[in-house]
Amino acid sequence: TSHRSQNAKEVKERVFQELAKWHPVVQKVIDLTDADIIVERPVGKPLILPKWGDNRVILVGDAAHYMGPHLGQGTNTTFEDVWELSACLSNYGDDLGEALEHYEKSRIERTTIVQYRTLFSAAQMFNPFLSPKRFFNRSFAAVPEQAKIGQKAFSDWLYGYNLPF
């Protein structure tokens, strides 16, 4: 949302409102927190790019695949990007264009899946019983099937990743 609070009191009221259905302990913690130390920051939704590069320019990390904080994978996917990019640059020698093209092709599918799954994790904050298939089938058009699998299978896929090279 683009709404920004005008002062500390308004920020605290907004936190109460956003988390109104959460456990009463959360409400108590908010109540005991000084409004002046609550920081309000916007959280964007991912923009899923079909292409990350052009000629001799390529994007990595959040520039290529912004992730909200709900799955905690922004830094991890950036590390994967850097590893893959360095491997491509090393393995394709003098052909920079081919190296960048291979990097882009190898990373877009995985990061797109993680971006969609981050959206699902954000939705689960408000509905913990929401299933990936139900969420994606009613909310989005073309979601990769890997993003729709159950939590255990997704975690295995996510953390069992072996970087090429």
# chains A, B, ... in the order shown; residues from 1 in each chain; ligands from 1
>>> residues_around(residues="A:Val143", least_positions_apart="4", cutoff="9 Å", atoms="only C-alpha atoms", output="list in words")
Thr112, Ile113, Tyr116, Phe136, Asn137, Ala147 and Lys148 of chain A
>>> residues_around(residues="A:Asp95", least_positions_apart="6", cutoff="12 Å", atoms="only C-alpha atoms", output="number ranges by chain")
A: 55-56, 88-89, 101-102
>>> write_last_selection(atoms="all heavy atoms", output="JSON list (two decimals), in the first residue's frame")
[["chain", "number", "residue", "atom", "x", "y", "z"],
["A", 55, "ASN", "N", 22.51, -6.49, -23.99],
["A", 55, "ASN", "CA", 23.87, -6.34, -24.47],
["A", 55, "ASN", "C", 24.87, -6.63, -23.36],
["A", 55, "ASN", "O", 24.96, -7.75, -22.90],
["A", 55, "ASN", "CB", 24.06, -4.95, -25.08],
["A", 55, "ASN", "CG", 25.27, -4.88, -25.98],
["A", 55, "ASN", "OD1", 25.94, -5.89, -26.25],
["A", 55, "ASN", "ND2", 25.59, -3.69, -26.45],
["A", 56, "ARG", "N", 25.60, -5.63, -22.88],
["A", 56, "ARG", "CA", 26.65, -5.85, -21.88],
["A", 56, "ARG", "C", 26.20, -5.45, -20.47],
["A", 56, "ARG", "O", 27.03, -5.31, -19.57],
["A", 56, "ARG", "CB", 27.89, -5.05, -22.27],
["A", 56, "ARG", "CG", 28.49, -5.49, -23.60],
["A", 56, "ARG", "CD", 29.61, -4.58, -24.06],
["A", 56, "ARG", "NE", 30.64, -4.42, -23.06],
["A", 56, "ARG", "CZ", 31.76, -5.13, -23.01],
["A", 56, "ARG", "NH1", 31.98, -6.06, -23.92],
["A", 56, "ARG", "NH2", 32.66, -4.92, -22.08],
["A", 88, "CYS", "N", 29.50, -18.21, -14.79],
["A", 88, "CYS", "CA", 29.28, -18.00, -16.23],
["A", 88, "CYS", "C", 30.40, -17.16, -16.84],
["A", 88, "CYS", "O", 30.88, -17.46, -17.93],
["A", 88, "CYS", "CB", 27.93, -17.32, -16.47],
["A", 88, "CYS", "SG", 26.52, -18.40, -16.18],
["A", 89, "LEU", "N", 30.79, -16.11, -16.15],
["A", 89, "LEU", "CA", 31.88, -15.27, -16.66],
["A", 89, "LEU", "C", 33.18, -16.06, -16.77],
["A", 89, "LEU", "O", 33.97, -15.86, -17.70],
["A", 89, "LEU", "CB", 32.06, -14.04, -15.77],
["A", 89, "LEU", "CG", 30.91, -13.02, -15.82],
["A", 89, "LEU", "CD1", 31.10, -11.95, -14.76],
["A", 89, "LEU", "CD2", 30.76, -12.41, -17.21],
["A", 101, "GLU", "N", 23.83, -14.22, -21.20],
["A", 101, "GLU", "CA", 22.60, -14.89, -21.62],
["A", 101, "GLU", "C", 22.37, -16.18, -20.83],
["A", 101, "GLU", "O", 21.26, -16.47, -20.39],
["A", 101, "GLU", "CB", 22.68, -15.19, -23.12],
["A", 101, "GLU", "CG", 21.40, -15.78, -23.69],
["A", 101, "GLU", "CD", 21.52, -16.02, -25.19],
["A", 101, "GLU", "OE1", 22.11, -15.18, -25.88],
["A", 101, "GLU", "OE2", 21.01, -17.06, -25.65],
["A", 102, "HIS", "N", 23.44, -16.94, -20.63],
["A", 102, "HIS", "CA", 23.32, -18.19, -19.86],
["A", 102, "HIS", "C", 22.94, -17.88, -18.41],
["A", 102, "HIS", "O", 22.07, -18.55, -17.83],
["A", 102, "HIS", "CB", 24.62, -18.98, -19.90],
["A", 102, "HIS", "CG", 24.52, -20.28, -19.15],
["A", 102, "HIS", "ND1", 23.99, -21.41, -19.72],
["A", 102, "HIS", "CD2", 24.82, -20.60, -17.88],
["A", 102, "HIS", "CE1", 23.97, -22.38, -18.82],
["A", 102, "HIS", "NE2", 24.49, -21.91, -17.69]]
>>> closest_residue(among="A:Val60, A:Leu158, A:Ile38, A:Leu49", to="A:Arg14", atoms="only C-alpha atoms")
A:Ile38
>>> closest_residue(among="A:Ala63, A:Ile58, A:Met125, A:Val39", to="A:His23", atoms="only C-alpha atoms")
A:Met125
>>> select_by_dssp(residues="chain A", states="strand (DSSP E or B)", output="PyMOL selection string")
chain A and resi 53-54+57-58
>>> closest_residue(among="A:Pro69, A:Phe135, A:Asp54, A:Ser121", to="A:Gly97", atoms="only C-alpha atoms")
A:Asp54
>>> select_by_dssp(residues="stretch 1-147 of chain A", states="alpha helix (DSSP H)", output="PyMOL selection string")
chain A and resi 8-18+24-32+62-65+74-91+96-124+132-139
>>> residues_around(residues="A:Trp83", least_positions_apart="4", cutoff="12 Å", atoms="only C-alpha atoms", output="list in words")
Val60, Gly61, Asn76, Thr77, Thr78, Phe79, Ala87, Cys88, Leu89, Ser90, Tyr103, Ser106, Arg107, Asn162, Leu163, Pro164 and Phe165 of chain A
>>> write_last_selection(atoms="N, CA and C atoms", output="CSV table (one decimal), in the first residue's frame")
chain,number,residue,atom,x,y,z
A,60,VAL,N,21.3,-8.1,-11.2
A,60,VAL,CA,21.4,-9.1,-10.2
A,60,VAL,C,20.7,-8.7,-8.9
A,61,GLY,N,20.3,-9.6,-8.1
A,61,GLY,CA,19.7,-9.3,-6.8
A,61,GLY,C,18.4,-8.6,-6.9
A,76,ASN,N,19.6,-14.6,0.0
A,76,ASN,CA,20.0,-15.9,-0.5
A,76,ASN,C,20.0,-15.9,-2.1
A,77,THR,N,18.9,-15.4,-2.7
A,77,THR,CA,18.8,-15.5,-4.1
A,77,THR,C,19.9,-14.5,-4.8
A,78,THR,N,20.2,-13.5,-4.1
A,78,THR,CA,21.3,-12.6,-4.6
A,78,THR,C,22.6,-13.3,-4.5
A,79,PHE,N,22.9,-14.0,-3.4
A,79,PHE,CA,24.1,-14.8,-3.4
A,79,PHE,C,24.2,-15.9,-4.5
A,87,ALA,N,30.4,-17.8,-12.2
A,87,ALA,CA,30.7,-19.1,-12.9
A,87,ALA,C,30.5,-18.9,-14.4
A,88,CYS,N,29.5,-18.2,-14.8
A,88,CYS,CA,29.3,-18.0,-16.2
A,88,CYS,C,30.4,-17.2,-16.8
A,89,LEU,N,30.8,-16.1,-16.2
A,89,LEU,CA,31.9,-15.3,-16.7
A,89,LEU,C,33.2,-16.1,-16.8
A,90,SER,N,33.4,-16.9,-15.8
A,90,SER,CA,34.6,-17.8,-15.9
A,90,SER,C,34.6,-18.8,-16.9
A,103,TYR,N,23.6,-16.9,-17.8
A,103,TYR,CA,23.2,-16.5,-16.4
A,103,TYR,C,21.7,-16.1,-16.3
A,106,SER,N,19.5,-19.1,-16.7
A,106,SER,CA,19.6,-20.1,-15.5
A,106,SER,C,18.9,-19.5,-14.3
A,107,ARG,N,18.8,-18.2,-14.1
A,107,ARG,CA,18.3,-17.7,-12.9
A,107,ARG,C,16.8,-17.2,-12.9
A,162,ASN,N,21.4,-27.0,-5.8
A,162,ASN,CA,22.8,-27.1,-6.1
A,162,ASN,C,23.1,-26.1,-7.2
A,163,LEU,N,23.9,-25.2,-7.0
A,163,LEU,CA,24.3,-24.2,-8.0
A,163,LEU,C,25.1,-25.0,-9.1
A,164,PRO,N,24.8,-24.6,-10.3
A,164,PRO,CA,25.6,-25.2,-11.4
A,164,PRO,C,27.1,-24.8,-11.4
A,165,PHE,N,27.9,-25.5,-12.0
A,165,PHE,CA,29.3,-25.3,-12.1
A,165,PHE,C,30.0,-25.8,-10.9
>>> atom_distance(atom1="atom CA of A:Met67", atom2="atom CA of A:Leu47")
8.8 Å
>>> closest_residue(among="A:Asp81, A:Phe120, A:Lys12, A:Asn91", to="A:Trp52", atoms="only C-alpha atoms")
A:Asp81
>>> atom_distance(atom1="atom CA of A:Thr111", atom2="atom CA of A:Asn127")
24.1 Å
>>> atom_distance(atom1="atom CA of A:Leu71", atom2="atom CA of A:Pro24")
23.9 Å
>>> closest_residue(among="A:Ser86, A:Thr33, A:Thr118, A:Asn7", to="A:Gly68", atoms="only C-alpha atoms")
A:Thr118
